[in-house]
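Here the structure comes first, spelled out in structure tokens, and everything after it is commentary.
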Amino acid sequence: MKIYDEFLKNNEIICLSLSLNDIPIEKLGKVTFDDIEKTLRRMKVNKGVEECVILQKCNCVELYAVGIGNLEKVLIDFWRLHSNNFENNLIKKINIIKGEKVLGHLLRTGCGLKSLLVGEYCILPVIKT
């Protein structure tokens with residue numbers, strides 16, 4: 001834990017999430033990305049973003065980042081600019097998770113514990129880095 005604690009002193013880790021629990025399905029389609037690989041490359045060149053992950057599945061879209069600075073603003077601005085048709089009124093619906101809670105959230109999501117079908121095994125392939 002000492003290494004992890006040291007890491008968090010110098011870096012921020014954050015997750016921005018929108019799901020069917022937050023917005024209707026027709027709006028969720030507007031916050032998706034067409035080409036995730038290309039989107040990740042663009043995301044990594046943003047100031048302060050050192051590492052990033054996009055999880056996009058039928059019931060949610062999540063952006064994860066590690067870095068320095070105001071990652072929340074950087075990611076929201078990026079999402080608005082590069083998604084299919086992000087509506088500004090959706091910003092207030094974004095769930096923001098920071099710090100140690102992000103890792104637990106990603107692990108629960110990745111192993112299917114947060115899926116519509118609990119234990120769904122096809123989540124890991126859609127987590128892109």
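Scheme for the structure tokens: letters A, B, ... for chains in order shown; per-chain residue numbers from 1; ligand numbers from 1 in order shown.
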With DSSP run on the backbone, what are the alpha helix (DSSP H) residues within segment 17-102 of chain A? I'd like them as a PyMOL selection string.
chain A and resi 25-28+36-44+71-82+100-102
With N, CA, C and O atoms retained, could you export that selection as a compact mmCIF listing (two decimals), in the first residue's frame?
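Below is the file out-v5.txt, written as the result:
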# COMPACT_ATOMS: atom_id res chain seq x y z
N ILE A 25 -31.98 5.76 -22.66
CA ILE A 25 -31.13 5.07 -23.64
C ILE A 25 -30.84 5.92 -24.87
O ILE A 25 -29.75 5.89 -25.42
N GLU A 26 -31.81 6.72 -25.32
CA GLU A 26 -31.57 7.54 -26.51
C GLU A 26 -30.52 8.62 -26.25
O GLU A 26 -29.81 9.03 -27.15
N LYS A 27 -30.41 9.06 -25.01
CA LYS A 27 -29.37 10.04 -24.67
C LYS A 27 -28.02 9.35 -24.46
O LYS A 27 -26.98 9.91 -24.76
N LEU A 28 -28.05 8.11 -23.95
CA LEU A 28 -26.80 7.38 -23.75
C LEU A 28 -26.08 7.17 -25.08
O LEU A 28 -24.86 7.26 -25.16
N ILE A 36 -13.13 3.86 -30.60
CA ILE A 36 -12.55 3.96 -29.26
C ILE A 36 -11.03 4.04 -29.31
O ILE A 36 -10.42 4.81 -28.56
N GLU A 37 -10.38 3.29 -30.19
CA GLU A 37 -8.92 3.33 -30.28
C GLU A 37 -8.43 4.74 -30.63
O GLU A 37 -7.50 5.26 -30.02
N LYS A 38 -9.07 5.35 -31.60
CA LYS A 38 -8.72 6.71 -32.00
C LYS A 38 -9.01 7.70 -30.87
O LYS A 38 -8.22 8.61 -30.60
N THR A 39 -10.14 7.49 -30.20
CA THR A 39 -10.52 8.36 -29.09
C THR A 39 -9.50 8.28 -27.96
O THR A 39 -9.13 9.30 -27.38
N LEU A 40 -9.03 7.08 -27.66
CA LEU A 40 -8.02 6.92 -26.61
C LEU A 40 -6.72 7.64 -26.96
O LEU A 40 -6.11 8.28 -26.11
N ARG A 41 -6.31 7.55 -28.22
CA ARG A 41 -5.10 8.27 -28.63
C ARG A 41 -5.27 9.78 -28.45
O ARG A 41 -4.36 10.46 -27.98
N ARG A 42 -6.44 10.29 -28.80
CA ARG A 42 -6.71 11.72 -28.61
C ARG A 42 -6.74 12.09 -27.13
O ARG A 42 -6.27 13.14 -26.74
N MET A 43 -7.33 11.22 -26.34
CA MET A 43 -7.46 11.48 -24.91
C MET A 43 -6.10 11.56 -24.24
O MET A 43 -5.88 12.38 -23.36
N LYS A 44 -5.16 10.72 -24.67
CA LYS A 44 -3.84 10.65 -24.05
C LYS A 44 -2.99 11.89 -24.32
O LYS A 44 -2.02 12.13 -23.61
N LEU A 71 -8.31 16.88 -13.79
CA LEU A 71 -8.74 15.84 -14.73
C LEU A 71 -10.24 15.84 -14.94
O LEU A 71 -10.72 15.51 -16.03
N GLU A 72 -11.00 16.22 -13.93
CA GLU A 72 -12.46 16.26 -14.08
C GLU A 72 -12.85 17.19 -15.22
O GLU A 72 -13.59 16.81 -16.12
N LYS A 73 -12.33 18.39 -15.22
CA LYS A 73 -12.65 19.36 -16.28
C LYS A 73 -12.10 18.89 -17.62
O LYS A 73 -12.79 18.97 -18.64
N VAL A 74 -10.88 18.38 -17.62
CA VAL A 74 -10.26 17.91 -18.87
C VAL A 74 -11.12 16.81 -19.50
O VAL A 74 -11.40 16.84 -20.70
N LEU A 75 -11.56 15.85 -18.70
CA LEU A 75 -12.34 14.73 -19.24
C LEU A 75 -13.74 15.16 -19.68
O LEU A 75 -14.23 14.70 -20.71
N ILE A 76 -14.37 16.02 -18.91
CA ILE A 76 -15.70 16.50 -19.31
C ILE A 76 -15.60 17.25 -20.63
O ILE A 76 -16.40 17.03 -21.55
N ASP A 77 -14.64 18.14 -20.74
CA ASP A 77 -14.46 18.89 -21.99
C ASP A 77 -14.17 17.95 -23.15
O ASP A 77 -14.70 18.10 -24.26
N PHE A 78 -13.32 16.96 -22.91
CA PHE A 78 -12.98 15.99 -23.94
C PHE A 78 -14.22 15.21 -24.38
O PHE A 78 -14.47 15.03 -25.57
N TRP A 79 -14.99 14.74 -23.42
CA TRP A 79 -16.20 13.95 -23.70
C TRP A 79 -17.18 14.75 -24.55
O TRP A 79 -17.73 14.27 -25.52
N ARG A 80 -17.37 16.01 -24.19
CA ARG A 80 -18.28 16.88 -24.93
C ARG A 80 -17.81 17.07 -26.37
O ARG A 80 -18.61 17.09 -27.31
N LEU A 81 -16.52 17.19 -26.55
CA LEU A 81 -15.96 17.48 -27.86
C LEU A 81 -15.91 16.26 -28.79
O LEU A 81 -16.13 16.38 -29.99
N HIS A 82 -15.65 15.08 -28.24
CA HIS A 82 -15.35 13.92 -29.07
C HIS A 82 -16.43 12.84 -29.12
O HIS A 82 -16.31 11.90 -29.90
N GLU A 100 -9.23 6.09 -4.44
CA GLU A 100 -9.24 4.63 -4.27
C GLU A 100 -10.54 4.00 -4.74
O GLU A 100 -10.54 2.85 -5.18
N LYS A 101 -11.64 4.69 -4.66
CA LYS A 101 -12.94 4.14 -5.05
C LYS A 101 -12.98 3.80 -6.54
O LYS A 101 -13.74 2.94 -6.96
N VAL A 102 -12.17 4.47 -7.35
CA VAL A 102 -12.15 4.22 -8.79
C VAL A 102 -11.70 2.80 -9.09
O VAL A 102 -12.30 2.11 -9.91
Provide the atom CA of Lys30 of chain A to atom CA of Lys92 of chain A distance in Å, to one decimal place.
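Between atom CA of Lys30 of chain A and atom CA of Lys92 of chain A the gap is 15.3 Å.
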When distances are computed from only C-alpha atoms, which of A:Ile23, A:Asn95, A:Ser17, A:Ser83 shows the smallest separation from Leu55 of chain A?
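Of the candidates, the smallest distance to Leu55 of chain A is held by A:Ser17.
Minimum atom-to-atom distances from A:Cys58, A:Val45, A:Val31, A:Ile97 to Ile14 of chain A were compared using only C-alpha atoms, and the lowest value belongs to A:Ile97.
We find atom CA of Ile91 of chain A and atom CA of Gly110 of chain A to be spaced 24.2 Å apart.
The coordinates place atom CA of Phe33 of chain A at 19.8 Å from atom CA of Val66 of chain A.
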Would you please extract all strand (DSSP E or B) residues from segment 30-66 of chain A, as assigned by DSSP on the backbone, and give them as a VMD selection string?
chain A and resid 49 to 57 60 to 66
Of A:Lys98, A:Lys93, A:Lys57, A:Arg108, the one sitting nearest Asn21 of chain A when using only C-alpha atoms is A:Lys93
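Between Glu50 of chain A and the residues A:Ile96, A:Glu12, A:Cys111, A:Asn89, the shortest atom-to-atom distance, using only C-alpha atoms, involves A:Glu12.
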Rank A:Gly104, A:Gly99, A:Gly29, A:Gly48 by their smallest atom-to-atom distance to Cys60 of chain A, using only C-alpha atoms, and report the top residue only.
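Using only C-alpha atoms, Cys60 of chain A sits closest to A:Gly29.
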